[in-house]
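Trainee: Here you go, final_20.csv (CSV, C-alpha atoms):
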```csv
chain,number,residue,atom,x,y,z
A,1,PRO,CA,266.7,103.8,158.3
A,2,ASP,CA,264.8,100.5,158.3
A,3,ALA,CA,261.5,102.0,159.5
A,4,ALA,CA,259.2,103.4,156.8
A,5,PRO,CA,258.5,107.2,157.1
A,6,ALA,CA,255.2,108.3,158.7
A,7,VAL,CA,252.3,108.4,156.2
A,8,ASP,CA,251.8,112.2,156.7
A,9,SER,CA,255.4,113.0,155.8
A,10,ASP,CA,255.9,110.3,153.1
A,11,VAL,CA,255.8,112.8,150.1
A,12,ASP,CA,258.4,111.1,147.9
A,13,SER,CA,256.8,108.4,148.4
A,14,VAL,CA,257.0,104.8,149.5
A,15,ARG,CA,253.3,104.0,149.6
A,16,ASP,CA,252.1,106.3,146.8
A,17,PRO,CA,255.1,106.7,144.5
A,18,LEU,CA,255.7,110.3,143.4
A,19,MET,CA,256.8,109.3,140.0
A,20,VAL,CA,253.5,107.6,139.2
A,21,GLU,CA,251.5,110.8,140.0
A,22,ALA,CA,254.1,112.9,138.0
A,23,THR,CA,253.9,110.5,135.0
A,24,LEU,CA,250.1,110.8,134.9
A,25,ARG,CA,250.3,114.6,135.3
A,26,THR,CA,252.8,114.7,132.5
A,27,LEU,CA,250.3,112.9,130.2
A,28,ALA,CA,247.5,115.2,131.3
A,29,ALA,CA,249.6,118.3,130.6
A,30,ALA,CA,250.6,116.9,127.2
A,31,GLU,CA,247.0,116.2,126.2
A,32,LEU,CA,245.9,119.6,127.3
A,33,THR,CA,248.6,121.5,125.5
A,34,THR,CA,247.8,119.4,122.4
A,35,GLY,CA,244.1,119.8,122.3
A,36,ALA,CA,243.4,122.8,124.6
A,37,SER,CA,244.7,126.2,125.5
A,38,TYR,CA,248.1,126.4,127.2
A,39,ASP,CA,246.6,128.3,130.2
A,40,ASP,CA,244.4,125.4,131.1
A,41,ALA,CA,246.1,124.1,134.3
A,42,SER,CA,243.5,121.4,135.2
A,43,TYR,CA,246.3,118.8,135.1
A,44,LEU,CA,247.3,120.2,138.5
A,45,ASP,CA,243.9,119.3,140.0
A,46,ASP,CA,243.8,116.6,142.6
A,47,VAL,CA,242.3,114.2,140.1
A,48,ALA,CA,243.4,114.6,136.5
A,49,ASN,CA,240.7,114.0,133.9
A,50,LEU,CA,242.3,111.0,132.3
A,51,ASN,CA,240.0,108.3,130.9
A,52,PHE,CA,241.7,104.9,130.3
A,53,ALA,CA,238.5,102.8,130.2
A,54,GLY,CA,238.6,100.5,127.2
A,55,LYS,CA,242.1,101.6,126.3
A,56,ALA,CA,245.1,99.3,125.7
A,57,VAL,CA,248.1,100.5,127.6
A,58,THR,CA,251.7,99.2,127.4
A,59,VAL,CA,254.1,99.9,130.2
A,60,LEU,CA,257.8,99.3,129.4
A,61,GLY,CA,259.6,98.5,132.6
A,62,ARG,CA,258.7,96.8,135.8
A,63,SER,CA,260.7,98.7,138.4
A,64,PRO,CA,259.2,98.6,141.9
A,65,HIS,CA,259.6,102.4,142.0
A,66,LEU,CA,257.7,103.2,138.8
A,67,GLY,CA,256.9,100.5,136.2
A,68,ALA,CA,255.1,98.1,138.6
A,69,PRO,CA,253.1,100.7,140.6
A,70,LEU,CA,252.3,102.6,137.4
A,71,ALA,CA,250.8,99.5,135.9
A,72,ARG,CA,248.7,98.9,139.0
A,73,THR,CA,247.5,102.5,139.0
A,74,LEU,CA,246.5,102.3,135.4
A,75,ALA,CA,244.7,99.1,135.9
A,76,ASP,CA,242.8,100.7,138.8
A,77,LEU,CA,241.8,103.5,136.3
A,78,ASP,CA,240.2,100.7,134.1
A,79,ALA,CA,243.0,100.5,131.5
A,80,THR,CA,243.9,97.1,130.0
A,81,VAL,CA,247.6,97.0,130.8
A,82,THR,CA,250.5,95.0,129.4
A,83,VAL,CA,253.8,95.2,131.1
A,84,CYS,CA,256.9,94.5,129.0
A,85,HIS,CA,260.3,94.0,130.6
A,86,SER,CA,263.7,92.6,130.0
A,87,SER,CA,262.4,89.0,129.6
A,88,THR,CA,259.6,89.9,127.2
A,89,PRO,CA,260.2,88.4,123.7
A,90,GLU,CA,261.0,91.2,121.2
A,91,ASP,CA,258.2,90.1,118.8
A,92,LEU,CA,255.7,90.3,121.7
A,93,ARG,CA,256.9,93.7,122.7
A,94,HIS,CA,256.6,95.0,119.1
A,95,ARG,CA,253.1,93.6,118.9
A,96,THR,CA,251.9,95.2,122.1
A,97,LEU,CA,253.4,98.5,121.1
A,98,ALA,CA,251.7,98.4,117.7
A,99,GLU,CA,248.3,97.7,119.4
A,100,ALA,CA,248.6,100.2,122.3
A,101,ASP,CA,246.6,103.4,122.7
A,102,TYR,CA,249.0,104.6,125.3
A,103,VAL,CA,252.7,103.7,125.9
A,104,PHE,CA,254.6,104.6,129.1
A,105,ALA,CA,258.3,104.1,128.6
A,106,ALA,CA,260.0,103.6,131.9
A,107,ALA,CA,262.7,101.0,131.3
A,108,GLY,CA,265.8,103.0,131.3
A,109,CYS,CA,266.9,101.6,128.0
A,110,PRO,CA,267.8,104.2,125.4
A,111,GLY,CA,266.0,104.0,122.1
A,112,LEU,CA,263.8,101.1,123.2
A,113,VAL,CA,260.9,102.5,121.2
A,114,GLN,CA,261.9,103.1,117.6
A,115,PRO,CA,260.2,104.8,114.6
A,116,GLY,CA,257.4,102.6,113.3
A,117,ASP,CA,256.9,100.8,116.7
A,118,VAL,CA,253.8,102.7,117.5
A,119,GLY,CA,250.7,103.8,115.6
A,120,ALA,CA,249.9,107.4,114.5
A,121,ASP,CA,247.1,107.6,117.1
A,122,THR,CA,249.2,106.4,120.0
A,123,VAL,CA,250.1,108.6,123.0
A,124,VAL,CA,253.6,108.0,124.2
A,125,VAL,CA,254.9,109.2,127.5
A,126,ASN,CA,258.6,108.9,128.0
A,127,VAL,CA,259.9,108.7,131.6
A,128,GLY,CA,263.0,106.5,131.2
A,129,THR,CA,266.2,108.4,130.7
A,130,THR,CA,269.9,107.4,130.8
A,131,TYR,CA,272.8,109.7,131.2
A,132,ASP,CA,275.3,109.5,128.4
A,133,ALA,CA,278.7,110.6,129.8
A,134,ALA,CA,280.3,110.8,126.3
A,135,THR,CA,277.8,113.5,125.2
A,136,GLY,CA,276.8,114.9,128.6
A,137,SER,CA,273.2,114.4,127.7
A,138,LEU,CA,270.1,112.4,128.6
A,139,LEU,CA,269.0,109.6,126.3
A,140,ALA,CA,265.4,108.7,126.3
A,141,ASP,CA,263.7,105.3,126.1
A,142,VAL,CA,261.8,106.7,123.1
A,143,ASP,CA,263.8,107.6,120.0
A,144,PRO,CA,263.5,111.3,119.2
A,145,ASN,CA,262.4,110.4,115.6
A,146,VAL,CA,259.3,108.4,116.8
A,147,SER,CA,256.1,109.9,115.3
A,148,ALA,CA,252.8,109.5,117.2
A,149,LYS,CA,249.7,111.5,118.3
A,150,ILE,CA,251.7,112.7,121.3
A,151,VAL,CA,255.3,112.1,122.3
A,152,THR,CA,256.3,113.8,125.5
A,153,PRO,CA,259.7,115.5,125.3
A,154,THR,CA,263.0,114.5,127.0
A,155,PRO,CA,264.3,116.5,128.7
A,156,HIS,CA,261.7,119.0,129.9
A,157,GLY,CA,258.9,116.5,129.9
A,158,CYS,CA,258.3,114.5,133.0
A,159,GLY,CA,261.2,116.1,135.0
A,160,PRO,CA,259.6,119.6,135.5
A,161,VAL,CA,256.2,118.0,136.3
A,162,CYS,CA,257.9,115.7,138.8
A,163,ALA,CA,259.6,118.7,140.6
A,164,ALA,CA,256.2,120.5,140.7
A,165,THR,CA,254.4,117.5,142.0
A,166,LEU,CA,257.0,117.0,144.8
A,167,VAL,CA,256.7,120.7,145.8
A,168,ARG,CA,252.9,120.3,145.7
A,169,ARG,CA,253.1,117.3,148.0
A,170,VAL,CA,255.5,119.0,150.4
A,171,VAL,CA,253.3,122.0,150.7
A,172,GLY,CA,250.2,119.9,151.1
A,173,ALA,CA,251.9,117.8,153.9
A,174,ALA,CA,253.0,121.0,155.6
A,175,GLU,CA,249.5,122.5,155.5
A,176,ARG,CA,248.0,119.3,156.8
A,177,ARG,CA,250.5,119.1,159.6
A,178,VAL,CA,250.1,122.7,160.7
A,179,THR,CA,246.3,122.5,160.5
A,180,ALA,CA,246.3,119.4,162.6
A,181,LEU,CA,248.5,121.1,165.2
A,182,GLY,CA,246.0,123.9,165.3
A,183,HIS,CA,243.1,121.5,165.7
A,184,LEU,CA,241.3,123.1,162.9
A,185,PRO,CA,238.8,121.5,160.5
A,186,ASP,CA,239.8,121.4,156.8
A,187,THR,CA,237.3,124.2,156.2
A,188,TRP,CA,240.1,126.5,157.1
A,189,ARG,CA,242.5,126.8,154.2
A,190,PHE,CA,245.7,128.7,153.2
A,191,THR,CA,245.3,131.6,150.8
A,192,GLY,CA,248.8,133.1,150.2
A,193,ASN,CA,250.0,134.3,153.6
A,194,ALA,CA,246.7,134.0,155.5
A,195,LEU,CA,244.5,131.3,157.1
A,196,ARG,CA,241.0,131.7,155.7
A,197,ARG,CA,237.5,130.4,156.7
A,198,ASP,CA,234.5,131.0,154.5
A,199,VAL,CA,231.0,130.5,156.0
A,200,THR,CA,227.5,131.2,154.7
A,201,LEU,CA,224.8,132.4,157.1
A,202,ALA,CA,221.1,132.5,156.5
A,203,SER,CA,220.8,136.2,156.3
A,204,PHE,CA,222.8,139.5,156.3
A,205,SER,CA,221.7,140.1,159.9
A,206,LYS,CA,222.9,136.6,161.0
A,207,ALA,CA,226.2,137.3,159.3
A,208,SER,CA,226.5,140.6,161.0
A,209,GLU,CA,225.9,138.9,164.4
A,210,LEU,CA,228.7,136.5,163.8
A,211,ILE,CA,231.0,139.3,162.9
A,212,GLN,CA,230.2,141.1,166.1
A,213,SER,CA,230.9,137.9,168.1
A,214,VAL,CA,234.2,137.5,166.3
A,215,ALA,CA,235.1,141.1,167.0
A,216,ARG,CA,234.4,140.8,170.7
A,217,LEU,CA,236.5,137.6,170.9
A,218,CYS,CA,239.4,139.0,169.0
A,219,ASP,CA,239.4,142.2,171.0
A,220,ALA,CA,239.8,140.1,174.1
A,221,LEU,CA,242.6,138.1,172.3
A,222,ASP,CA,244.2,141.3,171.0
A,223,HIS,CA,244.6,139.5,167.6
A,224,HIS,CA,242.3,140.7,164.8
A,225,PRO,CA,241.4,139.1,161.5
A,226,THR,CA,240.4,140.6,158.2
A,227,ILE,CA,236.7,140.1,157.7
A,228,THR,CA,234.7,140.4,154.5
A,229,ILE,CA,230.9,140.3,154.4
A,230,ASN,CA,228.7,139.6,151.4
A,231,GLU,CA,231.7,139.3,149.0
A,232,ALA,CA,229.4,137.9,146.3
A,233,LYS,CA,227.6,141.3,146.4
A,234,VAL,CA,224.2,139.6,146.2
A,235,CYS,CA,223.4,137.2,149.0
A,236,GLU,CA,221.0,135.1,147.0
A,237,ARG,CA,223.9,133.9,144.7
A,238,VAL,CA,225.4,131.9,147.6
A,239,GLY,CA,222.1,130.9,149.2
A,240,GLY,CA,222.6,133.3,152.1
A,241,CYS,CA,225.2,135.8,153.2
A,242,GLY,CA,228.9,134.9,153.0
A,243,VAL,CA,231.5,135.8,155.6
A,244,ALA,CA,235.2,135.4,155.0
A,245,ILE,CA,237.6,135.5,157.9
A,246,GLU,CA,241.4,135.7,157.4
A,247,PHE,CA,244.0,135.5,160.1
A,248,THR,CA,247.6,136.5,159.6
A,249,THR,CA,250.2,138.0,162.0
A,250,PHE,CA,251.3,141.3,160.5
A,251,SER,CA,253.9,141.8,163.3
A,252,ALA,CA,255.6,138.7,162.1
A,253,GLY,CA,255.9,140.0,158.5
A,254,GLY,CA,252.5,138.9,157.4
A,255,THR,CA,252.8,135.2,158.0
A,256,VAL,CA,250.7,132.6,159.7
A,257,THR,CA,251.8,131.9,163.3
A,258,ALA,CA,250.6,130.0,166.3
A,259,ARG,CA,248.5,133.1,167.3
A,260,ASP,CA,246.5,132.7,164.1
A,261,TYR,CA,245.8,129.0,164.8
A,262,GLY,CA,244.8,129.7,168.3
A,263,ALA,CA,242.4,132.5,167.3
A,264,ALA,CA,241.0,130.5,164.4
A,265,ALA,CA,240.2,127.6,166.8
A,266,GLU,CA,238.2,129.9,169.0
A,267,VAL,CA,236.4,131.5,166.1
A,268,GLU,CA,235.5,128.1,164.9
A,269,ASP,CA,233.5,127.6,168.1
A,270,LEU,CA,231.6,130.8,167.3
A,271,ILE,CA,230.9,129.7,163.8
A,272,ALA,CA,229.6,126.3,165.0
A,273,GLU,CA,227.2,128.3,167.3
A,274,ALA,CA,226.1,130.6,164.5
A,275,THR,CA,225.4,127.8,162.1
A,276,SER,CA,223.7,125.3,164.4
```
Before anything else, please render the file you have as structure tokens.

Mentor:
Amino acid sequence: PDAAPAVDSDVDSVRDPLMVEATLRTLAAAELTTGASYDDASYLDDVANLNFAGKAVTVLGRSPHLGAPLARTLADLDATVTVCHSSTPEDLRHRTLAEADYVFAAAGCPGLVQPGDVGADTVVVNVGTTYDAATGSLLADVDPNVSAKIVTPTPHGCGPVCAATLVRRVVGAAERRVTALGHLPDTWRFTGNALRRDVTLASFSKASELIQSVARLCDALDHHPTITINEAKVCERVGGCGVAIEFTTFSAGGTVTARDYGAAAEVEDLIAEATS
């Protein structure tokens, strides 16, 4: 269709290209698994801890779907970016590769980066791949014999991270849409198969009063949540007494339904009263 998709469902994405995010997450994962433990999953955080300030970055390729938006994103992250493309003189490309701290290969040109093109301390992220029908394999823009500080693999490098990023975006979009339909603030969140709200009251007695109010409301609605009080065990640790309220519909197989959103919206009014 000619019309662009709605912003809240544009997960792939026209305005915020999926591959740019996946490429940066691939780099974050590679840096973590090189210099940290394999169970460190901070690369899945909303903002990866990547620092490009003062770094020379070369992007190979200027595709509107990856190379160009990736270069813009890196510049926004304070990198000094050079974009090389099909019209870049070979000697200039070699020079920028030799001087780069980071190289992002996204040209779709097999073997574009050869051994000796980059320094030993360079980090190389390969995204560009070309299918070779003769061998039935994927050929990377970065020659497999290239030696550098980090060279992300192909296959099993950016691909799996791209798939995970797409799933993450789809789930996030679905959660935002459903929450919006339920008119709930973003203080309500999904935890497995439940809709959860955490709130801290000034004292244990205030927390107990809120629970009693929720109990009376939910008896009237005939839809009851799971409630936990003082989960931290010592109220002072959280600056008061915590209450956790979780809604799920057990009769629907333990999933979140419209009944949960309706009840949560009414409970939110009680929380606003209790915390005002």

Trainee: So, counting all atoms listed in the file, which residue among A:Val123, A:Ile211, A:Val243, A:Leu66 is closest to Leu27 (chain A)?

Mentor: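 Among the listed residues, the smallest separation from Leu27 (chain A) belongs to A:Val123.
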
Trainee: Please report the interatomic distance between CA of Met19 (chain A) and CA of Gly119 (chain A) in Å with one decimal.

Mentor: 25.7 Å

Trainee: Looking at all atoms listed in the file, which of A:Ala274, A:Val118, A:Leu74, A:Ala265 is the one that sits closest to Phe52 (chain A)?

Mentor: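 The answer is A:Leu74, which sits nearest to Phe52 (chain A).
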
Trainee: What's the separation between CA of Ala220 (chain A) and CA of Glu246 (chain A), in Å to one decimal place?

Mentor: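 Separating CA of Ala220 (chain A) from CA of Glu246 (chain A) is a distance of 17.3 Å.
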
Trainee: Between A:Leu184, A:Leu92, A:Val127, A:Leu18, which has the minimum distance to Val151 (chain A) (counting only C-alpha atoms)?

Mentor: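 Selected residue with least distance to Val151 (chain A): A:Val127.
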
Trainee: Looking at all atoms listed in the file, which of A:Gly108, A:Phe190, A:Thr228, A:Ser276 is the one that sits closest to Ala174 (chain A)?

Mentor: A:Phe190

Trainee: Return the single residue from A:Glu21, A:Val171, A:Ile245, A:Pro89 that is closest to Leu210 (chain A), with distances computed using all atoms listed in the file.

Mentor: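 Going through A:Glu21, A:Val171, A:Ile245, A:Pro89 one by one, the smallest distance to Leu210 (chain A) is for A:Ile245.
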
Trainee: Neighbours of Val267 (chain A) within 12 Å (only C-alpha atoms; same-chain residues fewer than 3 positions away dropped), as a PyMOL selection string?

Mentor: chain A and resi 184-185+188+196-199+210-218+221+223-225+244-247+260-264+270-274

Trainee: Could you please determine the separation between CA of Leu24 (chain A) and CA of Gln114 (chain A) in Å, to one decimal place?

Mentor: 22.3 Å

Trainee: Output region 109-120 of chain A as a PDB file, in the coordinates of the input, making sure all heavy atoms are there.

Mentor:
```pdb
ATOM      1  N   CYS A 109     266.175 102.225 129.068  1.00  0.00           N
ATOM      2  CA  CYS A 109     266.900 101.600 128.000  1.00  0.00           C
ATOM      3  C   CYS A 109     266.814 102.494 126.745  1.00  0.00           C
ATOM      4  O   CYS A 109     265.779 102.554 126.065  1.00  0.00           O
ATOM      5  CB  CYS A 109     266.242 100.225 127.658  1.00  0.00           C
ATOM      6  SG  CYS A 109     267.046  99.308 126.328  1.00  0.00           S
ATOM      7  N   PRO A 110     267.865 103.256 126.465  1.00  0.00           N
ATOM      8  CA  PRO A 110     267.800 104.200 125.400  1.00  0.00           C
ATOM      9  C   PRO A 110     267.393 103.655 124.049  1.00  0.00           C
ATOM     10  O   PRO A 110     267.866 102.592 123.637  1.00  0.00           O
ATOM     11  CB  PRO A 110     269.267 104.754 125.327  1.00  0.00           C
ATOM     12  CG  PRO A 110     269.816 104.504 126.686  1.00  0.00           C
ATOM     13  CD  PRO A 110     269.174 103.233 127.152  1.00  0.00           C
ATOM     14  N   GLY A 111     266.475 104.351 123.391  1.00  0.00           N
ATOM     15  CA  GLY A 111     266.000 104.000 122.100  1.00  0.00           C
ATOM     16  C   GLY A 111     265.205 102.690 122.021  1.00  0.00           C
ATOM     17  O   GLY A 111     265.081 102.064 120.965  1.00  0.00           O
ATOM     18  N   LEU A 112     264.620 102.300 123.130  1.00  0.00           N
ATOM     19  CA  LEU A 112     263.800 101.100 123.200  1.00  0.00           C
ATOM     20  C   LEU A 112     262.633 101.150 122.214  1.00  0.00           C
ATOM     21  O   LEU A 112     262.265 100.169 121.579  1.00  0.00           O
ATOM     22  CB  LEU A 112     263.351 100.801 124.589  1.00  0.00           C
ATOM     23  CG  LEU A 112     262.574  99.504 124.824  1.00  0.00           C
ATOM     24  CD1 LEU A 112     263.430  98.282 124.478  1.00  0.00           C
ATOM     25  CD2 LEU A 112     262.078  99.425 126.265  1.00  0.00           C
ATOM     26  N   VAL A 113     262.024 102.327 122.128  1.00  0.00           N
ATOM     27  CA  VAL A 113     260.900 102.500 121.200  1.00  0.00           C
ATOM     28  C   VAL A 113     261.456 103.260 119.967  1.00  0.00           C
ATOM     29  O   VAL A 113     261.972 104.372 120.067  1.00  0.00           O
ATOM     30  CB  VAL A 113     259.784 103.365 121.846  1.00  0.00           C
ATOM     31  CG1 VAL A 113     258.625 103.548 120.872  1.00  0.00           C
ATOM     32  CG2 VAL A 113     259.302 102.702 123.134  1.00  0.00           C
ATOM     33  N   GLN A 114     261.329 102.607 118.824  1.00  0.00           N
ATOM     34  CA  GLN A 114     261.900 103.100 117.600  1.00  0.00           C
ATOM     35  C   GLN A 114     260.793 103.580 116.629  1.00  0.00           C
ATOM     36  O   GLN A 114     259.621 103.219 116.775  1.00  0.00           O
ATOM     37  CB  GLN A 114     262.722 102.014 116.911  1.00  0.00           C
ATOM     38  CG  GLN A 114     264.040 101.701 117.598  1.00  0.00           C
ATOM     39  CD  GLN A 114     265.044 102.836 117.459  1.00  0.00           C
ATOM     40  OE1 GLN A 114     265.305 103.323 116.353  1.00  0.00           O
ATOM     41  NE2 GLN A 114     265.598 103.266 118.579  1.00  0.00           N
ATOM     42  N   PRO A 115     261.144 104.419 115.634  1.00  0.00           N
ATOM     43  CA  PRO A 115     260.200 104.800 114.600  1.00  0.00           C
ATOM     44  C   PRO A 115     259.485 103.609 114.010  1.00  0.00           C
ATOM     45  O   PRO A 115     260.149 102.613 113.693  1.00  0.00           O
ATOM     46  CB  PRO A 115     260.997 105.586 113.605  1.00  0.00           C
ATOM     47  CG  PRO A 115     262.166 106.117 114.384  1.00  0.00           C
ATOM     48  CD  PRO A 115     262.463 105.051 115.404  1.00  0.00           C
ATOM     49  N   GLY A 116     258.180 103.661 113.890  1.00  0.00           N
ATOM     50  CA  GLY A 116     257.400 102.600 113.300  1.00  0.00           C
ATOM     51  C   GLY A 116     256.905 101.570 114.360  1.00  0.00           C
ATOM     52  O   GLY A 116     256.084 100.714 114.043  1.00  0.00           O
ATOM     53  N   ASP A 117     257.364 101.699 115.619  1.00  0.00           N
ATOM     54  CA  ASP A 117     256.900 100.800 116.700  1.00  0.00           C
ATOM     55  C   ASP A 117     255.494 101.048 117.118  1.00  0.00           C
ATOM     56  O   ASP A 117     254.784 100.140 117.559  1.00  0.00           O
ATOM     57  CB  ASP A 117     257.846 100.827 117.886  1.00  0.00           C
ATOM     58  CG  ASP A 117     259.148 100.067 117.664  1.00  0.00           C
ATOM     59  OD1 ASP A 117     259.252  99.344 116.654  1.00  0.00           O
ATOM     60  OD2 ASP A 117     260.061 100.205 118.507  1.00  0.00           O
ATOM     61  N   VAL A 118     255.080 102.316 117.055  1.00  0.00           N
ATOM     62  CA  VAL A 118     253.800 102.700 117.500  1.00  0.00           C
ATOM     63  C   VAL A 118     252.935 103.306 116.415  1.00  0.00           C
ATOM     64  O   VAL A 118     253.485 103.795 115.416  1.00  0.00           O
ATOM     65  CB  VAL A 118     253.839 103.686 118.725  1.00  0.00           C
ATOM     66  CG1 VAL A 118     254.566 103.050 119.897  1.00  0.00           C
ATOM     67  CG2 VAL A 118     254.535 104.969 118.296  1.00  0.00           C
ATOM     68  N   GLY A 119     251.612 103.295 116.594  1.00  0.00           N
ATOM     69  CA  GLY A 119     250.700 103.800 115.600  1.00  0.00           C
ATOM     70  C   GLY A 119     250.619 105.352 115.631  1.00  0.00           C
ATOM     71  O   GLY A 119     251.022 105.998 116.603  1.00  0.00           O
ATOM     72  N   ALA A 120     250.024 105.917 114.588  1.00  0.00           N
ATOM     73  CA  ALA A 120     249.900 107.400 114.500  1.00  0.00           C
ATOM     74  C   ALA A 120     248.982 107.954 115.545  1.00  0.00           C
ATOM     75  O   ALA A 120     249.098 109.134 115.906  1.00  0.00           O
ATOM     76  CB  ALA A 120     249.381 107.743 113.094  1.00  0.00           C
TER      77      ALA A 120
END
```
